[in-house]
Amino acid sequence: MSVTEEKNILRKKYKALRSAMLPEEKKISDEHIFRKIISLPEYRSCSLVLTYVSTAEEADTLCLIRQAFDDGKTVAVPRSIDKNGNMTFHEIHSFDDLKRGYFGISEPDPEKCSEMRSFDGEICIVPALSYDRQGYRLGYGKGFYDRFFAAHEDILKVGICYSGFMEISLPHGKFDIPADIVITEKFVEDHRKEKKPDDK
């Protein structure tokens with residue numbers, strides 16, 4: 001079975017699990033994830049937060065966007081510019097700057113929102129259906145984030161995921177780029193730290 005076939009099977013699995021989450025369970029998990037994000041030293045020190053605009057079924061980022069506004073940070077969200085996996089990030093000042101884009105998700109209105117071109121040293125909240133214990137993600141299959149990170153290597157990549165959706169190891173290809181940090185409602189894993197020789 002190819003990596004693509006394995007990923008497609010896992011996507012169906014996690015989309016079904018995500019749809020089956022109880023609203024109260026999701027709300028509590030989202031709150032714990034949010035608290036862990038804003039507790040990161042890298043969040044507290046950054047001036048720019050890149051984040052997706054969550055749908056009703058994804059790990060929530062709307063509270064993070066509101067908090068970043070309140071904290072005086074610049075917020076930029078992605079805009080899909082074609083169906084070939086290319087995207088840009090645009091600064092938003094409120095949720096009124098968003099409109100319906102590709103795949104029916106909320107994206108920045110390019111007529112209102114300027115494109116960001118400098119990202120070094122800031123953080124990016126990365127969506128996924130699942131992450132593994134090495135930081136690799138199971139995305140939606142379009143490659144938007146892998147292409148973006150290949151061009152902007154210095155961005156701190158923060159993946160968020162529900163703990164029940166974590167895998168020990170996910171299938172990945174040579175173009176897949178792992179997250180630096182993975183946050184669930186239960187724990188934070190920092191994959192930047194070098195493992196000691198006796199680590200298992």
# chains A, B, ... in the order shown; residues from 1 in each chain; ligands from 1
>>> select_by_dssp(residues="range 16-155 of chain A", states="strand (DSSP E)", output="NGL selection string")
:A and (48-51 or 74-80 or 87-92 or 98-100 or 106-108 or 123-126 or 130-131 or 137-138)
>>> write_last_selection(atoms="C-alpha atoms", output="PDB file, in the first residue's frame")
ATOM      1  CA  LEU A  48       3.044  37.755  14.893  1.00  0.00           C
ATOM      2  CA  VAL A  49       0.746  34.735  15.102  1.00  0.00           C
ATOM      3  CA  LEU A  50      -0.039  32.760  11.972  1.00  0.00           C
ATOM      4  CA  THR A  51      -3.075  30.555  12.431  1.00  0.00           C
ATOM      5  CA  THR A  74      -0.392  40.834  14.579  1.00  0.00           C
ATOM      6  CA  VAL A  75      -2.612  38.005  13.337  1.00  0.00           C
ATOM      7  CA  ALA A  76      -2.328  36.513   9.871  1.00  0.00           C
ATOM      8  CA  VAL A  77      -4.414  33.699   8.414  1.00  0.00           C
ATOM      9  CA  PRO A  78      -4.005  31.614   5.250  1.00  0.00           C
ATOM     10  CA  ARG A  79      -5.590  32.147   1.863  1.00  0.00           C
ATOM     11  CA  SER A  80      -5.544  29.381  -0.738  1.00  0.00           C
ATOM     12  CA  MET A  87      -1.283  29.642  -0.151  1.00  0.00           C
ATOM     13  CA  THR A  88      -0.405  33.049   1.236  1.00  0.00           C
ATOM     14  CA  PHE A  89      -0.907  34.563   4.704  1.00  0.00           C
ATOM     15  CA  HIS A  90      -2.710  37.890   5.145  1.00  0.00           C
ATOM     16  CA  GLU A  91      -3.013  40.134   8.168  1.00  0.00           C
ATOM     17  CA  ILE A  92      -6.505  40.462   9.629  1.00  0.00           C
ATOM     18  CA  LEU A  98     -12.838  37.086   6.455  1.00  0.00           C
ATOM     19  CA  LYS A  99     -14.910  35.692   3.621  1.00  0.00           C
ATOM     20  CA  ARG A 100     -15.747  32.244   2.263  1.00  0.00           C
ATOM     21  CA  SER A 106     -13.094  31.284   6.096  1.00  0.00           C
ATOM     22  CA  GLU A 107     -10.179  33.109   4.485  1.00  0.00           C
ATOM     23  CA  PRO A 108      -8.896  36.691   4.486  1.00  0.00           C
ATOM     24  CA  ILE A 123       4.823  30.999  15.313  1.00  0.00           C
ATOM     25  CA  CYS A 124       2.350  29.185  13.111  1.00  0.00           C
ATOM     26  CA  ILE A 125      -0.561  27.107  14.395  1.00  0.00           C
ATOM     27  CA  VAL A 126      -0.890  24.142  12.057  1.00  0.00           C
ATOM     28  CA  SER A 130      -3.725  13.603  13.451  1.00  0.00           C
ATOM     29  CA  TYR A 131      -0.105  13.964  14.584  1.00  0.00           C
ATOM     30  CA  ARG A 137       0.957  15.376  10.623  1.00  0.00           C
ATOM     31  CA  LEU A 138      -1.939  13.908   8.751  1.00  0.00           C
TER      32      LEU A 138
END
>>> select_by_dssp(residues="range 67-149 of chain A", states="alpha helix (DSSP H)", output="ChimeraX atom specification")
/A:67-70,144-149
>>> write_last_selection(atoms="N, CA and C atoms", output="PDB file, in the first residue's frame")
ATOM      1  N   GLN A  67      -7.632  36.262  21.506  1.00  0.00           N
ATOM      2  CA  GLN A  67      -6.616  36.527  22.525  1.00  0.00           C
ATOM      3  C   GLN A  67      -5.425  37.266  21.920  1.00  0.00           C
ATOM      4  N   ALA A  68      -5.012  36.860  20.735  1.00  0.00           N
ATOM      5  CA  ALA A  68      -3.873  37.514  20.076  1.00  0.00           C
ATOM      6  C   ALA A  68      -4.199  38.976  19.771  1.00  0.00           C
ATOM      7  N   PHE A  69      -5.418  39.249  19.350  1.00  0.00           N
ATOM      8  CA  PHE A  69      -5.837  40.646  19.164  1.00  0.00           C
ATOM      9  C   PHE A  69      -5.721  41.397  20.483  1.00  0.00           C
ATOM     10  N   ASP A  70      -6.255  40.811  21.556  1.00  0.00           N
ATOM     11  CA  ASP A  70      -6.229  41.464  22.867  1.00  0.00           C
ATOM     12  C   ASP A  70      -4.800  41.681  23.361  1.00  0.00           C
ATOM     13  N   PHE A 144      -0.642  22.208   1.299  1.00  0.00           N
ATOM     14  CA  PHE A 144      -0.473  23.659   1.464  1.00  0.00           C
ATOM     15  C   PHE A 144       0.626  23.999   2.467  1.00  0.00           C
ATOM     16  N   TYR A 145       0.560  23.387   3.645  1.00  0.00           N
ATOM     17  CA  TYR A 145       1.493  23.761   4.700  1.00  0.00           C
ATOM     18  C   TYR A 145       2.910  23.256   4.420  1.00  0.00           C
ATOM     19  N   ASP A 146       3.040  22.080   3.840  1.00  0.00           N
ATOM     20  CA  ASP A 146       4.375  21.582   3.518  1.00  0.00           C
ATOM     21  C   ASP A 146       5.061  22.493   2.503  1.00  0.00           C
ATOM     22  N   ARG A 147       4.330  22.953   1.528  1.00  0.00           N
ATOM     23  CA  ARG A 147       4.910  23.886   0.550  1.00  0.00           C
ATOM     24  C   ARG A 147       5.294  25.200   1.210  1.00  0.00           C
ATOM     25  N   PHE A 148       4.430  25.693   2.080  1.00  0.00           N
ATOM     26  CA  PHE A 148       4.710  26.959   2.754  1.00  0.00           C
ATOM     27  C   PHE A 148       5.940  26.851   3.647  1.00  0.00           C
ATOM     28  N   PHE A 149       6.026  25.770   4.445  1.00  0.00           N
ATOM     29  CA  PHE A 149       7.149  25.621   5.365  1.00  0.00           C
ATOM     30  C   PHE A 149       8.457  25.348   4.629  1.00  0.00           C
TER      31      PHE A 149
END
>>> closest_atom_pairs(of="range 136-185 of chain A", to="range 3-11 of chain A", cutoff="9 Å", atoms="only C-alpha atoms", output="JSON lines")
{"residue": "A:Leu138", "atom": "CA", "partner": "A:Lys7", "partner_atom": "CA", "distance": 7.0}
{"residue": "A:Gly139", "atom": "CA", "partner": "A:Arg11", "partner_atom": "CA", "distance": 8.0}
{"residue": "A:Tyr140", "atom": "CA", "partner": "A:Arg11", "partner_atom": "CA", "distance": 7.4}
{"residue": "A:Gly141", "atom": "CA", "partner": "A:Asn8", "partner_atom": "CA", "distance": 8.2}
{"residue": "A:Leu170", "atom": "CA", "partner": "A:Lys7", "partner_atom": "CA", "distance": 8.1}
{"residue": "A:Pro171", "atom": "CA", "partner": "A:Val3", "partner_atom": "CA", "distance": 5.8}
{"residue": "A:His172", "atom": "CA", "partner": "A:Val3", "partner_atom": "CA", "distance": 6.5}
{"residue": "A:Gly173", "atom": "CA", "partner": "A:Val3", "partner_atom": "CA", "distance": 7.1}
>>> write_last_selection(atoms="N, CA and C atoms", output="short mmCIF file (atom, residue, chain, number, x, y, z; two decimals), in the first residue's frame")
data_model
loop_
_atom_site.label_atom_id
_atom_site.label_comp_id
_atom_site.auth_asym_id
_atom_site.auth_seq_id
_atom_site.Cartn_x
_atom_site.Cartn_y
_atom_site.Cartn_z
N LEU A 138 -1.02 14.38 9.78
CA LEU A 138 -1.94 13.91 8.75
C LEU A 138 -2.83 15.08 8.41
N GLY A 139 -2.55 15.72 7.27
CA GLY A 139 -3.33 16.87 6.86
C GLY A 139 -4.49 16.45 5.97
N TYR A 140 -4.91 17.38 5.12
CA TYR A 140 -6.09 17.13 4.29
C TYR A 140 -5.72 16.71 2.87
N GLY A 141 -4.42 16.57 2.62
CA GLY A 141 -4.00 15.99 1.36
C GLY A 141 -3.65 16.95 0.24
N LEU A 170 2.98 8.00 11.88
CA LEU A 170 2.14 8.18 10.71
C LEU A 170 2.96 7.96 9.44
N PRO A 171 2.34 7.47 8.37
CA PRO A 171 3.07 7.38 7.10
C PRO A 171 3.41 8.78 6.61
N HIS A 172 4.62 8.97 6.13
CA HIS A 172 4.99 10.28 5.61
C HIS A 172 6.00 10.14 4.47
N GLY A 173 5.99 11.11 3.60
CA GLY A 173 6.89 11.13 2.45
C GLY A 173 8.02 12.12 2.63
#
>>> closest_residue(among="A:Ile160, A:Cys63, A:Met116, A:Ala150", to="Ile177 in chain A", atoms="only C-alpha atoms")
A:Ala150
>>> residues_around(residues="range 30-35 of chain A", least_positions_apart="5", cutoff="7 Å", atoms="only C-alpha atoms", output="compact mmCIF listing (two decimals) with N, CA and C atoms, in the first residue's frame")
# COMPACT_ATOMS: atom_id res chain seq x y z
N ALA A 59 -9.99 21.58 15.78
CA ALA A 59 -9.53 22.15 17.05
C ALA A 59 -9.64 23.67 16.94
N ASP A 60 -10.29 24.28 17.92
CA ASP A 60 -10.69 25.68 17.82
C ASP A 60 -9.49 26.64 17.85
N LEU A 64 -8.08 31.75 20.19
CA LEU A 64 -6.69 32.17 20.08
C LEU A 64 -6.58 33.48 19.30
N ILE A 183 0.72 20.13 20.49
CA ILE A 183 -0.07 20.39 21.69
C ILE A 183 -1.40 19.64 21.60
N THR A 184 -1.72 18.90 22.65
CA THR A 184 -3.05 18.32 22.80
C THR A 184 -3.64 18.87 24.09
N GLU A 185 -4.86 18.49 24.38
CA GLU A 185 -5.48 18.94 25.63
C GLU A 185 -4.78 18.36 26.85
>>> closest_residue(among="A:Leu129, A:Val188, A:Ile181, A:Ile65", to="Tyr14 in chain A", atoms="only C-alpha atoms")
A:Leu129
>>> residues_around(residues="Arg133 in chain A", least_positions_apart="2", cutoff="7 Å", atoms="only C-alpha atoms", output="PyMOL selection string")
chain A and resi 131+135+167-169
>>> write_last_selection(atoms="C-alpha atoms", output="tab-separated table (two decimals), in the first residue's frame")
chain	number	residue	atom	x	y	z
A	131	TYR	CA	-0.10	13.96	14.58
A	135	GLY	CA	5.62	15.64	14.93
A	167	GLU	CA	-0.58	8.05	16.45
A	168	ILE	CA	2.75	6.49	17.43
A	169	SER	CA	3.86	6.84	13.82
>>> residues_around(residues="Leu17 in chain A", least_positions_apart="4", cutoff="10 Å", atoms="only C-alpha atoms", output="PDB file with C-alpha atoms, in the first residue's frame")
ATOM      1  CA  ARG A  11      -8.195  10.533   6.970  1.00  0.00           C
ATOM      2  CA  LYS A  12     -11.512   8.708   6.815  1.00  0.00           C
ATOM      3  CA  LYS A  13     -10.901   7.290  10.287  1.00  0.00           C
ATOM      4  CA  MET A  21     -16.952  14.042  19.354  1.00  0.00           C
ATOM      5  CA  LEU A 129      -6.468  15.414  11.535  1.00  0.00           C
ATOM      6  CA  GLY A 164      -7.168  10.615  21.165  1.00  0.00           C
ATOM      7  CA  PHE A 165      -6.175  11.373  17.581  1.00  0.00           C
TER       8      PHE A 165
END
>>> closest_residue(among="A:Pro178, A:Lys112, A:Gly72, A:Asp154", to="Tyr43 in chain A", atoms="only C-alpha atoms")
A:Gly72
>>> atom_distance(atom1="CA of Lys15 in chain A", atom2="CA of Ser54 in chain A")
14.5 Å
>>> decode(residues="range 17-74 of chain A", atoms="C-alpha atoms", output="PDB file, in the first residue's frame")
ATOM      1  CA  LEU A  17     -13.890  10.267  14.993  1.00  0.00           C
ATOM      2  CA  ARG A  18     -13.905  14.050  14.854  1.00  0.00           C
ATOM      3  CA  SER A  19     -17.549  14.130  13.760  1.00  0.00           C
ATOM      4  CA  ALA A  20     -18.444  11.813  16.643  1.00  0.00           C
ATOM      5  CA  MET A  21     -16.952  14.042  19.354  1.00  0.00           C
ATOM      6  CA  LEU A  22     -19.480  15.246  21.894  1.00  0.00           C
ATOM      7  CA  PRO A  23     -19.832  19.066  21.897  1.00  0.00           C
ATOM      8  CA  GLU A  24     -19.011  19.380  25.595  1.00  0.00           C
ATOM      9  CA  GLU A  25     -15.974  17.101  25.258  1.00  0.00           C
ATOM     10  CA  LYS A  26     -14.725  19.184  22.335  1.00  0.00           C
ATOM     11  CA  LYS A  27     -15.316  22.454  24.168  1.00  0.00           C
ATOM     12  CA  ILE A  28     -13.301  21.331  27.193  1.00  0.00           C
ATOM     13  CA  SER A  29     -10.481  19.941  25.050  1.00  0.00           C
ATOM     14  CA  ASP A  30     -10.344  23.145  22.987  1.00  0.00           C
ATOM     15  CA  GLU A  31     -10.049  25.220  26.159  1.00  0.00           C
ATOM     16  CA  HIS A  32      -7.134  23.125  27.429  1.00  0.00           C
ATOM     17  CA  ILE A  33      -5.359  23.366  24.051  1.00  0.00           C
ATOM     18  CA  PHE A  34      -5.887  27.133  23.984  1.00  0.00           C
ATOM     19  CA  ARG A  35      -4.428  27.540  27.487  1.00  0.00           C
ATOM     20  CA  LYS A  36      -1.363  25.515  26.540  1.00  0.00           C
ATOM     21  CA  ILE A  37      -0.763  27.610  23.404  1.00  0.00           C
ATOM     22  CA  ILE A  38      -0.873  30.942  25.203  1.00  0.00           C
ATOM     23  CA  SER A  39       1.371  29.539  27.948  1.00  0.00           C
ATOM     24  CA  LEU A  40       4.177  28.875  25.461  1.00  0.00           C
ATOM     25  CA  PRO A  41       7.120  31.258  25.966  1.00  0.00           C
ATOM     26  CA  GLU A  42       7.252  31.542  22.178  1.00  0.00           C
ATOM     27  CA  TYR A  43       3.665  32.766  22.084  1.00  0.00           C
ATOM     28  CA  ARG A  44       4.240  35.283  24.852  1.00  0.00           C
ATOM     29  CA  SER A  45       7.336  36.712  23.133  1.00  0.00           C
ATOM     30  CA  CYS A  46       6.168  36.728  19.514  1.00  0.00           C
ATOM     31  CA  SER A  47       4.660  39.711  17.737  1.00  0.00           C
ATOM     32  CA  LEU A  48       3.044  37.755  14.893  1.00  0.00           C
ATOM     33  CA  VAL A  49       0.746  34.735  15.102  1.00  0.00           C
ATOM     34  CA  LEU A  50      -0.039  32.760  11.972  1.00  0.00           C
ATOM     35  CA  THR A  51      -3.075  30.555  12.431  1.00  0.00           C
ATOM     36  CA  TYR A  52      -5.800  28.864  10.474  1.00  0.00           C
ATOM     37  CA  VAL A  53      -9.418  29.863  11.010  1.00  0.00           C
ATOM     38  CA  SER A  54     -11.035  26.761  12.458  1.00  0.00           C
ATOM     39  CA  THR A  55     -14.231  25.164  11.225  1.00  0.00           C
ATOM     40  CA  ALA A  56     -16.792  23.809  13.679  1.00  0.00           C
ATOM     41  CA  GLU A  57     -15.155  20.353  13.684  1.00  0.00           C
ATOM     42  CA  GLU A  58     -11.491  21.401  13.905  1.00  0.00           C
ATOM     43  CA  ALA A  59      -9.532  22.154  17.049  1.00  0.00           C
ATOM     44  CA  ASP A  60     -10.685  25.684  17.822  1.00  0.00           C
ATOM     45  CA  THR A  61      -8.513  28.682  16.946  1.00  0.00           C
ATOM     46  CA  LEU A  62     -11.112  31.432  17.181  1.00  0.00           C
ATOM     47  CA  CYS A  63     -10.397  31.979  20.873  1.00  0.00           C
ATOM     48  CA  LEU A  64      -6.687  32.172  20.082  1.00  0.00           C
ATOM     49  CA  ILE A  65      -7.293  34.810  17.405  1.00  0.00           C
ATOM     50  CA  ARG A  66      -9.324  36.888  19.867  1.00  0.00           C
ATOM     51  CA  GLN A  67      -6.616  36.527  22.525  1.00  0.00           C
ATOM     52  CA  ALA A  68      -3.873  37.514  20.076  1.00  0.00           C
ATOM     53  CA  PHE A  69      -5.837  40.646  19.164  1.00  0.00           C
ATOM     54  CA  ASP A  70      -6.229  41.464  22.867  1.00  0.00           C
ATOM     55  CA  ASP A  71      -2.498  40.882  23.396  1.00  0.00           C
ATOM     56  CA  GLY A  72      -1.633  43.389  20.691  1.00  0.00           C
ATOM     57  CA  LYS A  73      -0.151  40.803  18.345  1.00  0.00           C
ATOM     58  CA  THR A  74      -0.392  40.834  14.579  1.00  0.00           C
TER      59      THR A  74
END
